[in-house]
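Have a look at query.txt; it's compact mmCIF, C-alpha atoms and all ligand atoms:
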# COMPACT_ATOMS: atom_id res chain seq x y z
CA MET A 274 -38.76 -28.87 -8.51
CA LEU A 275 -36.57 -26.34 -10.34
CA LYS A 276 -38.44 -24.43 -13.08
CA PRO A 277 -36.82 -24.63 -16.56
CA GLY A 278 -34.22 -21.89 -16.87
CA ASN A 279 -34.00 -21.36 -13.13
CA ILE A 280 -30.64 -21.67 -11.41
CA THR A 281 -30.19 -21.96 -7.64
CA CYS A 282 -27.56 -19.80 -5.99
CA THR A 283 -25.79 -21.89 -3.34
CA CYS A 284 -23.76 -19.10 -1.71
CA CYS A 285 -25.90 -18.70 1.39
CA SER A 286 -28.81 -20.17 3.32
CA HIS A 287 -31.43 -18.46 1.16
CA HIS A 288 -30.71 -20.78 -1.80
CA CYS A 289 -32.45 -18.34 -4.15
CA SER A 290 -33.93 -20.12 -7.17
CA LEU A 291 -33.57 -17.49 -9.87
CA ALA A 292 -35.35 -17.25 -13.22
CA PRO A 293 -33.26 -15.88 -16.11
CA HIS A 294 -32.31 -12.24 -15.42
CA GLN A 295 -33.74 -12.40 -11.90
CA THR A 296 -31.68 -11.02 -9.03
CA GLY A 297 -31.45 -12.76 -5.63
CA LEU A 298 -32.59 -11.53 -2.26
CA CYS A 299 -29.19 -9.90 -1.71
CA ARG A 300 -29.74 -7.77 -4.87
CA ALA A 301 -26.13 -8.49 -5.83
CA ARG A 302 -26.26 -11.91 -7.55
CA LYS A 303 -28.21 -12.61 -10.72
CA ASN A 304 -29.10 -15.43 -13.10
CA THR A 305 -27.56 -14.10 -16.32
CA GLY A 306 -29.21 -16.84 -18.37
CA SER A 307 -26.36 -19.34 -18.12
CA SER A 308 -24.96 -18.91 -14.60
CA ILE A 309 -25.25 -16.96 -11.36
CA GLU A 310 -22.95 -13.94 -11.36
CA CYS A 311 -22.35 -11.07 -8.97
CA ILE A 312 -23.57 -7.80 -10.49
CA ASN A 313 -21.71 -5.67 -7.95
CA TYR A 314 -18.27 -6.75 -9.28
CA GLY A 315 -16.06 -3.64 -9.16
CA TYR A 316 -18.95 -1.26 -8.44
CA VAL A 317 -17.82 0.86 -5.52
CA THR A 318 -20.26 2.99 -3.50
CA SER A 319 -17.91 3.98 -0.65
CA LEU A 320 -14.16 4.48 -0.39
CA SER A 321 -12.28 5.82 2.61
CA LEU A 322 -8.89 5.53 4.34
CA ASP A 323 -9.90 4.44 7.85
CA PRO A 324 -8.07 3.56 11.06
CA ILE A 325 -7.93 -0.25 11.35
CA GLU A 326 -9.65 0.08 14.75
CA LYS A 327 -12.77 1.34 12.95
CA LYS A 328 -13.38 -2.06 11.24
CA PRO A 329 -13.24 -2.93 14.23
CA LEU A 330 -9.93 -4.79 14.52
CA PHE A 331 -8.14 -4.04 17.80
CA ARG A 332 -5.44 -6.73 17.71
CA PHE A 333 -4.26 -6.56 14.10
CA MET A 334 -1.67 -3.98 13.00
CA GLY A 335 -2.84 -1.45 15.61
CA GLY A 336 -2.48 2.24 14.77
CA SER A 337 -2.46 1.62 11.00
CA ARG A 338 -4.83 2.86 8.32
CA ILE A 339 -6.54 0.82 5.62
CA LEU A 340 -8.30 1.69 2.37
CA SER A 341 -11.90 0.67 3.01
CA VAL A 342 -14.21 -0.13 0.14
CA GLY A 343 -17.91 -0.93 -0.10
CA SER A 344 -20.33 -1.85 -2.87
CA PHE A 345 -24.07 -2.61 -2.64
CA GLY A 346 -26.16 -5.58 -1.47
CA CYS A 347 -26.48 -7.84 1.56
CA ASN A 348 -27.98 -11.28 2.17
CA LEU A 349 -29.41 -10.28 5.57
CA TYR A 350 -32.04 -7.62 6.26
CA CYS A 351 -31.28 -6.36 9.76
CA PRO A 352 -33.87 -3.71 10.71
CA PHE A 353 -31.16 -1.70 12.54
CA CYS A 354 -28.53 -1.71 9.75
CA GLN A 355 -26.20 1.29 9.97
CA ASN A 356 -25.33 0.99 6.26
CA HIS A 357 -28.84 0.34 4.92
CA SER A 358 -28.49 2.99 2.19
CA ILE A 359 -26.00 0.72 0.38
CA SER A 360 -26.65 -2.73 1.89
CA GLN A 361 -30.40 -2.77 1.24
CA ARG A 362 -30.37 -1.53 -2.29
CA GLY A 363 -29.55 -2.85 -5.75
CA PHE A 364 -27.58 -1.64 -8.71
CA ASP A 365 -27.72 2.08 -9.49
CA ARG A 366 -25.00 3.05 -11.96
CA SER A 367 -25.24 6.73 -11.00
CA GLU A 368 -24.28 5.92 -7.40
CA CYS A 369 -21.21 3.75 -8.20
CA ASP A 370 -17.68 4.12 -9.51
CA LEU A 371 -16.25 1.19 -11.42
CA LEU A 372 -12.84 0.09 -10.08
CA THR A 373 -11.17 -2.97 -11.56
CA PRO A 374 -9.03 -5.10 -9.21
CA GLU A 375 -5.94 -3.62 -10.91
CA GLU A 376 -7.19 -0.06 -10.31
CA LEU A 377 -8.09 -0.76 -6.67
CA CYS A 378 -4.70 -2.37 -6.07
CA ALA A 379 -2.89 0.56 -7.74
CA LEU A 380 -4.78 2.98 -5.48
CA ALA A 381 -3.86 0.92 -2.40
CA ILE A 382 -0.17 1.00 -3.42
CA LYS A 383 -0.30 4.76 -4.01
CA LEU A 384 -1.84 5.30 -0.56
CA LYS A 385 0.78 3.02 1.00
CA GLU A 386 3.48 5.34 -0.29
CA SER A 387 1.68 8.60 0.59
CA ASP A 388 -0.26 7.70 3.77
CA GLY A 389 1.04 4.39 5.13
CA ASN A 390 -1.99 2.42 3.94
CA ILE A 391 -1.65 -1.31 4.81
CA GLY A 392 -4.08 -2.77 2.24
CA VAL A 393 -7.79 -2.97 1.51
CA ALA A 394 -10.74 -3.69 3.82
CA PHE A 395 -13.91 -4.94 2.11
CA THR A 396 -16.66 -3.56 4.30
CA TYR A 397 -19.78 -1.30 4.57
CA ASN A 398 -22.13 -3.60 2.57
CA GLU A 399 -21.76 -7.41 2.71
CA PRO A 400 -18.61 -8.01 0.64
CA LEU A 401 -19.13 -11.74 0.12
CA THR A 402 -22.22 -11.16 -2.02
CA GLY A 403 -19.51 -10.33 -4.57
CA PHE A 404 -16.84 -12.75 -3.33
CA GLU A 405 -15.36 -13.00 -6.84
CA TYR A 406 -14.28 -9.34 -6.66
CA VAL A 407 -12.87 -9.78 -3.14
CA ARG A 408 -10.91 -12.85 -4.32
CA ASP A 409 -9.51 -11.19 -7.46
CA CYS A 410 -8.48 -8.03 -5.60
CA ALA A 411 -7.05 -9.93 -2.64
CA ARG A 412 -4.85 -12.07 -4.93
CA LEU A 413 -3.34 -8.92 -6.43
CA LEU A 414 -2.95 -7.26 -3.05
CA LYS A 415 -1.08 -10.29 -1.70
CA LYS A 416 1.31 -10.21 -4.68
CA ASN A 417 2.05 -6.59 -3.76
CA ASP A 418 2.62 -7.31 -0.03
CA LEU A 419 -0.60 -5.59 1.00
CA ASN A 420 -3.19 -6.95 3.46
CA THR A 421 -6.79 -7.86 2.79
CA VAL A 422 -9.37 -7.45 5.55
CA LEU A 423 -12.94 -8.69 5.36
CA VAL A 424 -15.80 -7.32 7.45
CA THR A 425 -18.59 -9.84 7.00
CA ASN A 426 -21.76 -11.27 8.49
CA GLY A 427 -20.27 -14.76 7.99
CA SER A 428 -23.58 -16.03 6.57
CA PHE A 429 -22.01 -17.87 3.65
CA THR A 430 -21.19 -21.46 2.79
CA GLU A 431 -17.84 -23.14 3.17
CA ASP A 432 -17.32 -23.00 -0.62
CA VAL A 433 -17.58 -19.20 -0.61
CA LEU A 434 -15.29 -18.94 2.40
CA ASN A 435 -12.73 -21.29 0.86
CA GLY A 436 -12.72 -19.22 -2.34
CA VAL A 437 -11.36 -16.17 -0.52
CA LEU A 438 -9.69 -17.53 2.63
CA PRO A 439 -6.19 -18.14 1.18
CA TYR A 440 -5.87 -14.41 0.46
CA ILE A 441 -7.44 -12.93 3.62
CA ASP A 442 -5.25 -11.65 6.44
CA ALA A 443 -7.88 -10.60 8.96
CA MET A 444 -11.65 -10.63 9.41
CA ASN A 445 -14.20 -9.08 11.65
CA ILE A 446 -17.21 -11.40 11.64
CA ASP A 447 -20.61 -10.44 13.05
CA LEU A 448 -22.13 -12.85 15.53
CA LYS A 449 -25.56 -11.30 15.73
CA GLY A 450 -26.97 -13.53 18.41
CA PHE A 451 -26.71 -17.04 19.76
CA LYS A 452 -30.19 -18.38 19.00
CA GLN A 453 -31.66 -19.27 15.63
CA ASP A 454 -34.80 -17.17 16.53
CA ILE A 455 -32.58 -14.08 16.31
CA TYR A 456 -31.20 -15.05 12.89
CA ASP A 457 -34.79 -15.80 11.74
CA VAL A 458 -35.58 -12.10 12.21
CA LEU A 459 -32.49 -11.06 10.24
CA GLY A 460 -32.72 -13.69 7.48
CA GLY A 461 -29.73 -15.79 8.48
CA ASP A 462 -28.64 -19.17 9.77
CA LEU A 463 -26.75 -19.39 13.07
CA MET A 464 -25.15 -22.77 12.26
CA LEU A 465 -23.74 -21.39 9.01
CA VAL A 466 -22.19 -18.44 10.87
CA LYS A 467 -20.74 -20.68 13.59
CA ASP A 468 -19.19 -22.97 10.94
CA PHE A 469 -17.83 -19.94 9.08
CA ILE A 470 -16.11 -18.68 12.24
CA LYS A 471 -14.72 -22.12 13.14
CA ASN A 472 -13.42 -22.73 9.61
CA ALA A 473 -11.88 -19.26 9.21
CA TYR A 474 -10.12 -19.16 12.58
CA PRO A 475 -7.09 -21.37 11.76
CA TYR A 476 -6.21 -19.35 8.64
CA ALA A 477 -6.73 -15.65 9.40
CA HIS A 478 -6.76 -13.21 12.31
CA ILE A 479 -10.37 -13.24 13.55
CA GLU A 480 -12.29 -10.77 15.70
CA LEU A 481 -16.04 -10.96 16.34
CA THR A 482 -18.68 -8.28 16.81
CA SER A 483 -22.04 -8.56 18.57
CA LEU A 484 -24.30 -5.52 18.36
CA ILE A 485 -26.66 -5.73 21.35
CA VAL A 486 -30.26 -4.76 20.57
CA PRO A 487 -32.46 -4.76 23.72
CA SER A 488 -35.54 -6.44 22.21
CA LEU A 489 -33.56 -8.95 20.15
CA ASN A 490 -30.33 -10.39 21.51
CA SER A 491 -29.58 -8.93 24.93
CA SER A 492 -29.97 -12.07 27.08
CA VAL A 493 -27.18 -12.56 29.62
CA GLU A 494 -27.63 -16.32 29.38
CA ASP A 495 -27.15 -16.17 25.58
CA MET A 496 -23.98 -14.10 26.06
CA ARG A 497 -22.68 -16.71 28.51
CA ALA A 498 -23.37 -19.52 26.02
CA GLN A 499 -21.89 -17.51 23.14
CA SER A 500 -18.71 -16.63 25.06
CA GLU A 501 -18.28 -20.21 26.21
CA TRP A 502 -18.59 -21.38 22.60
CA ILE A 503 -16.07 -18.78 21.33
CA ALA A 504 -13.65 -19.84 24.10
CA SER A 505 -13.98 -23.45 22.94
CA ILE A 506 -12.37 -22.33 19.65
CA SER A 507 -9.94 -19.99 21.43
CA PRO A 508 -10.32 -17.69 24.44
CA GLU A 509 -7.91 -15.35 22.61
CA ILE A 510 -10.50 -14.42 19.96
CA PRO A 511 -11.42 -10.77 20.60
CA LEU A 512 -15.13 -10.00 21.00
CA HIS A 513 -16.51 -6.51 20.43
CA ILE A 514 -19.79 -6.00 22.29
CA THR A 515 -21.37 -2.94 20.74
CA ARG A 516 -24.20 -0.77 21.98
CA TYR A 517 -27.20 -0.35 19.68
CA PHE A 518 -28.65 3.07 18.80
CA PRO A 519 -31.92 3.55 16.85
CA ASN A 520 -31.31 3.26 13.13
CA TYR A 521 -33.07 2.45 9.85
CA ARG A 522 -36.39 0.71 10.70
CA MET A 523 -35.69 0.14 14.41
CA THR A 524 -36.77 2.82 16.85
CA ASP A 525 -36.27 1.03 20.21
CA PRO A 526 -34.27 3.11 22.71
CA PRO A 527 -30.49 2.48 22.92
CA THR A 528 -29.21 -0.44 24.99
CA SER A 529 -28.76 0.66 28.62
CA ILE A 530 -25.19 1.10 29.83
CA PRO A 531 -25.70 -1.03 33.00
CA HIS A 532 -26.95 -3.89 30.83
CA MET A 533 -23.98 -3.51 28.45
CA LYS A 534 -21.68 -3.76 31.49
CA LYS A 535 -23.42 -6.93 32.63
CA LEU A 536 -22.91 -8.52 29.20
CA ILE A 537 -19.28 -7.43 29.04
CA GLU A 538 -18.57 -8.86 32.52
CA THR A 539 -20.23 -12.12 31.49
CA ALA A 540 -18.08 -12.43 28.35
CA GLN A 541 -14.92 -11.54 30.30
CA LYS A 542 -15.37 -14.68 32.41
CA TYR A 543 -14.57 -16.75 29.28
CA LEU A 544 -12.60 -14.51 26.90
CA SER A 545 -9.30 -12.64 27.23
CA TYR A 546 -10.23 -9.68 25.01
CA VAL A 547 -13.69 -8.15 25.32
CA TYR A 548 -14.12 -4.63 23.94
CA PRO A 549 -17.13 -2.37 24.50
CA GLY A 550 -18.28 -0.39 21.46
CA ASN A 551 -20.39 2.80 21.19
CA ILE A 552 -20.29 3.38 24.97
S1 LIG B 601 -25.99 -14.91 -2.04
FE1 LIG B 601 -27.78 -13.70 -2.72
S2 LIG B 601 -28.59 -14.77 -4.52
FE2 LIG B 601 -27.21 -16.19 -3.47
S3 LIG B 601 -28.56 -17.41 -2.14
FE3 LIG B 601 -27.76 -15.71 -0.91
S4 LIG B 601 -29.29 -14.06 -1.09
FE4 LIG B 601 -29.72 -15.55 -2.74
Give the structure from this file in structure tokens form.
Amino acid sequence: MLKPGNITCTCCSHHCSLAPHQTGLCRARKNTGSSIECINYGYVTSLSLDPIEKKPLFRFMGGSRILSVGSFGCNLYCPFCQNHSISQRGFDRSECDLLTPEELCALAIKLKESDGNIGVAFTYNEPLTGFEYVRDCARLLKKNDLNTVLVTNGSFTEDVLNGVLPYIDAMNIDLKGFKQDIYDVLGGDLMLVKDFIKNAYPYAHIELTSLIVPSLNSSVEDMRAQSEWIASISPEIPLHITRYFPNYRMTDPPTSIPHMKKLIETAQKYLSYVYPGNI
């Protein structure tokens, strides 16, 4: 039973029941007393003009550069997170710049003129913890003929996805494994991610990334099942299979190159575009 004053956030599988002024597991959404709001709206921790291939997107506007922006917070807690310094922390005003959607869009336009920027990529932390900011910026970007790219873990409900999808041009979505046991370790829900991918595919350019961690998600049989499932949506969906290196709280040795090759060959039996990463 919900305690008086508590509100449940329905954005992801955690369904955080939040007391007034309490922040959710993602550290980015809070019960303000009357509703759940994102507290990372407009707070930018990272800003960089990156090659589109770095997102990674290999089959969307190749050779271009995109203004890439990150905030703080994430609804998963992967022990190997490469961006843990921003994803696994909450609000710290001294570490953020405040950029309204209008200011971010103006910067993107300026960089289009000076450096050929094609739009904005929401990345680095989990952008959908603050989907309201993504939506408001993406609407403005679209009006100005700029692209919006989302780099996401896909662990969000259909309502969250539908709130941003009309304005998104391309996404890279993490598929962190193909068994619920794997998502149990990371704090996610495999079915939610699969639905997110299926629902997004008809409306935006989609590429997927699987980071292969030896002790977690390196099974060849899982890769076969995963690739077969992706192919059932479309064999043309690119899959990036990326090699793990020790990071954050995970100290296991890097994934072996021969094993990476085995996984890549397995995926290639089902998919037209399989890209190795970090090899
Ligand atoms: S988005 Fe954040 S606050 Fe909402 S349910 Fe998920 S972890 Fe909890």
**Request:** Mind giving me the straight-line distance from CA of Lys383 (chain A) to CA of Ile446 (chain A) in Å, one decimal?
**Result:**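 These atoms are spaced 28.1 Å apart.
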**Message:** If the limit is 10 Å from any atom of ligand LIG 601 (chain B), counting only C-alpha atoms and all ligand atoms, which residues qualify? Return them as a ChimeraX atom specification.
**Reply:** /A:280-291,295-304,309-311,346-349,399,401-404,428-430,433,460-461
**Request:** Rounded to one decimal place, report the CA of Ala379 (chain A)-CA of Gln355 (chain A) distance in Å.
**Result:** 29.3 Å
**Message:** Within 9 Å of (-20.1, 1.8, -6.1) (file coordinates; all atoms listed in the file), which protein or nucleic acid residues are there? I'd like them as number ranges by chain.
**Reply:** A: 313, 315-320, 342-345, 359, 364-372
**Item:** For Val437 (chain A): contacts at 12 Å, only C-alpha atoms, fewer than 4 positions along chain excluded, given as an MDAnalysis selection string
**Value:** chainID A and resid 395 400:401 403:412 415 421:423 429:433 441:444 473 476:477
**Å distance separating CA of Thr373 (chain A) from CA of Tyr314 (chain A), one decimal place** = 8.4 Å
**Item:** Surrounding residues of Gly450 (chain A) excluding itself and chain neighbours under 4 positions, 12 Å, only C-alpha atoms, as a VMD selection string
**Value:** chain A and resid 426 454 to 459 461 to 464 466 to 467 481 to 500 514
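The residue that comes closest to Gly427 (chain A), out of A:Ser387, A:Ala394, A:Asp468, A:Gln453 and on the basis of all atoms listed in the file, is A:Asp468.
Closest approach to Lys327 (chain A) among A:His294, A:His513, A:Arg362, A:Lys449 is made by A:His513 (distances from all atoms listed in the file).
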**Item:** Near-Gly336 (chain A) list (12 Å; all atoms listed in the file; drop same-chain fewer than 6 positions) as JSON, numbers by chain
**Value:** {"A": [323, 324, 325, 326, 327, 329, 330, 389, 390, 391]}
**Complete:** Restricting to all atoms listed in the file, whichever of A:Val547, A:Val393, A:Ile537, A:Leu384 is closest to Pro508 (chain A) is A:Val547
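When only C-alpha atoms are used to compute distances to Cys378 (chain A), the closest of the residues A:Ala292, A:Leu448, A:Leu413, A:Ile312 turns out to be A:Leu413.
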**Prompt:** Restricting the calculation to all atoms listed in the file, which member of A:Pro293, A:Gly306, A:Pro277, A:Pro352 is positioned closest to Tyr521 (chain A)?
**Reply:**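 That would be A:Pro352, the residue with the smallest distance to Tyr521 (chain A).
Taking only C-alpha atoms into account, Gly363 (chain A) lies nearest to A:Asn398 out of the set A:Asn398, A:Asp388, A:Glu501, A:Ala381.
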**Message:** Would you pick out the contacts of Ala504 (chain A) at 10 Å or less, using all atoms listed in the file, so that residues sharing its chain but fewer than 5 positions from it are not included, and give the list as number ranges by chain?
**Reply:** A: 498-499, 509-511, 540, 542-545
Residues from last step as file, C-alpha atoms, as a compact mmCIF listing (two decimals), keeping the file's coordinate frame:
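The resulting file, out-v2.txt, is shown below:
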# COMPACT_ATOMS: atom_id res chain seq x y z
CA ALA A 498 -23.37 -19.52 26.02
CA GLN A 499 -21.89 -17.51 23.14
CA GLU A 509 -7.91 -15.35 22.61
CA ILE A 510 -10.50 -14.42 19.96
CA PRO A 511 -11.42 -10.77 20.60
CA ALA A 540 -18.08 -12.43 28.35
CA LYS A 542 -15.37 -14.68 32.41
CA TYR A 543 -14.57 -16.75 29.28
CA LEU A 544 -12.60 -14.51 26.90
CA SER A 545 -9.30 -12.64 27.23
**Request:** For Phe353 (chain A), please output as a ChimeraX atom specification all residues within 9 Å (counting all atoms listed in the file; exclusion window: fewer than 4 positions along the same chain).
**Result:** /A:357,486,517-524
Can you spit out the residues from that selection as a PDB file, keeping the file's coordinate frame, using C-alpha atoms?
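Wrote it out as selection-v8.pdb, contents follow:
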ATOM      1  CA  HIS A 357     -28.840   0.340   4.920  1.00  0.00           C
ATOM      2  CA  VAL A 486     -30.260  -4.760  20.570  1.00  0.00           C
ATOM      3  CA  TYR A 517     -27.200  -0.350  19.680  1.00  0.00           C
ATOM      4  CA  PHE A 518     -28.650   3.070  18.800  1.00  0.00           C
ATOM      5  CA  PRO A 519     -31.920   3.550  16.850  1.00  0.00           C
ATOM      6  CA  ASN A 520     -31.310   3.260  13.130  1.00  0.00           C
ATOM      7  CA  TYR A 521     -33.070   2.450   9.850  1.00  0.00           C
ATOM      8  CA  ARG A 522     -36.390   0.710  10.700  1.00  0.00           C
ATOM      9  CA  MET A 523     -35.690   0.140  14.410  1.00  0.00           C
ATOM     10  CA  THR A 524     -36.770   2.820  16.850  1.00  0.00           C
TER      11      THR A 524
END
Would you kindly place N, CA and C atoms on region 350-380 of chain A and return the model as a short mmCIF file (atom, residue, chain, number, x, y, z; two decimals), keeping the file's coordinate frame?
data_model
loop_
_atom_site.label_atom_id
_atom_site.label_comp_id
_atom_site.auth_asym_id
_atom_site.auth_seq_id
_atom_site.Cartn_x
_atom_site.Cartn_y
_atom_site.Cartn_z
N TYR A 350 -31.24 -8.85 6.30
CA TYR A 350 -32.04 -7.62 6.26
C TYR A 350 -32.29 -7.11 7.67
N CYS A 351 -31.20 -6.82 8.37
CA CYS A 351 -31.28 -6.36 9.76
C CYS A 351 -32.03 -5.03 9.83
N PRO A 352 -33.08 -4.94 10.67
CA PRO A 352 -33.87 -3.71 10.71
C PRO A 352 -33.13 -2.52 11.32
N PHE A 353 -31.94 -2.78 11.90
CA PHE A 353 -31.16 -1.70 12.54
C PHE A 353 -29.88 -1.39 11.77
N CYS A 354 -29.79 -1.82 10.51
CA CYS A 354 -28.53 -1.71 9.75
C CYS A 354 -28.05 -0.26 9.66
N GLN A 355 -26.78 -0.06 10.01
CA GLN A 355 -26.20 1.29 9.97
C GLN A 355 -25.85 1.68 8.53
N ASN A 356 -25.73 0.72 7.66
CA ASN A 356 -25.33 0.99 6.26
C ASN A 356 -26.45 0.64 5.28
N HIS A 357 -27.70 0.80 5.74
CA HIS A 357 -28.84 0.34 4.92
C HIS A 357 -28.90 1.03 3.56
N SER A 358 -28.37 2.26 3.46
CA SER A 358 -28.49 2.99 2.19
C SER A 358 -27.70 2.30 1.08
N ILE A 359 -26.69 1.48 1.43
CA ILE A 359 -26.00 0.72 0.38
C ILE A 359 -26.27 -0.79 0.50
N SER A 360 -26.49 -1.28 1.74
CA SER A 360 -26.65 -2.73 1.89
C SER A 360 -28.02 -3.20 1.40
N GLN A 361 -29.03 -2.35 1.56
CA GLN A 361 -30.40 -2.77 1.24
C GLN A 361 -30.86 -2.19 -0.09
N ARG A 362 -29.93 -2.03 -0.99
CA ARG A 362 -30.37 -1.53 -2.29
C ARG A 362 -29.61 -2.25 -3.41
N GLY A 363 -30.15 -2.18 -4.61
CA GLY A 363 -29.55 -2.85 -5.75
C GLY A 363 -28.70 -1.92 -6.59
N PHE A 364 -28.48 -2.35 -7.81
CA PHE A 364 -27.58 -1.64 -8.71
C PHE A 364 -28.15 -0.30 -9.14
N ASP A 365 -27.37 0.76 -8.97
CA ASP A 365 -27.72 2.08 -9.49
C ASP A 365 -26.42 2.68 -10.02
N ARG A 366 -26.27 2.65 -11.34
CA ARG A 366 -25.00 3.05 -11.96
C ARG A 366 -24.58 4.45 -11.53
N SER A 367 -25.57 5.34 -11.32
CA SER A 367 -25.24 6.73 -11.00
C SER A 367 -24.61 6.87 -9.62
N GLU A 368 -24.78 5.84 -8.78
CA GLU A 368 -24.28 5.92 -7.40
C GLU A 368 -22.95 5.18 -7.24
N CYS A 369 -22.41 4.61 -8.32
CA CYS A 369 -21.21 3.75 -8.20
C CYS A 369 -20.08 4.25 -9.09
N ASP A 370 -18.85 4.01 -8.64
CA ASP A 370 -17.68 4.12 -9.51
C ASP A 370 -17.22 2.71 -9.83
N LEU A 371 -16.75 2.51 -11.04
CA LEU A 371 -16.25 1.19 -11.42
C LEU A 371 -14.74 1.17 -11.21
N LEU A 372 -14.28 0.23 -10.37
CA LEU A 372 -12.84 0.09 -10.08
C LEU A 372 -12.45 -1.36 -10.32
N THR A 373 -11.63 -1.60 -11.32
CA THR A 373 -11.17 -2.97 -11.56
C THR A 373 -10.24 -3.38 -10.42
N PRO A 374 -9.99 -4.68 -10.24
CA PRO A 374 -9.03 -5.10 -9.21
C PRO A 374 -7.67 -4.42 -9.40
N GLU A 375 -7.24 -4.26 -10.64
CA GLU A 375 -5.94 -3.62 -10.91
C GLU A 375 -5.97 -2.16 -10.45
N GLU A 376 -7.09 -1.48 -10.71
CA GLU A 376 -7.19 -0.06 -10.31
C GLU A 376 -7.25 0.08 -8.79
N LEU A 377 -8.00 -0.83 -8.14
CA LEU A 377 -8.09 -0.76 -6.67
C LEU A 377 -6.72 -1.03 -6.06
N CYS A 378 -6.01 -2.02 -6.60
CA CYS A 378 -4.70 -2.37 -6.07
C CYS A 378 -3.71 -1.20 -6.28
N ALA A 379 -3.78 -0.57 -7.46
CA ALA A 379 -2.89 0.56 -7.74
C ALA A 379 -3.16 1.70 -6.76
N LEU A 380 -4.43 1.93 -6.44
CA LEU A 380 -4.78 2.98 -5.48
C LEU A 380 -4.24 2.63 -4.09
#
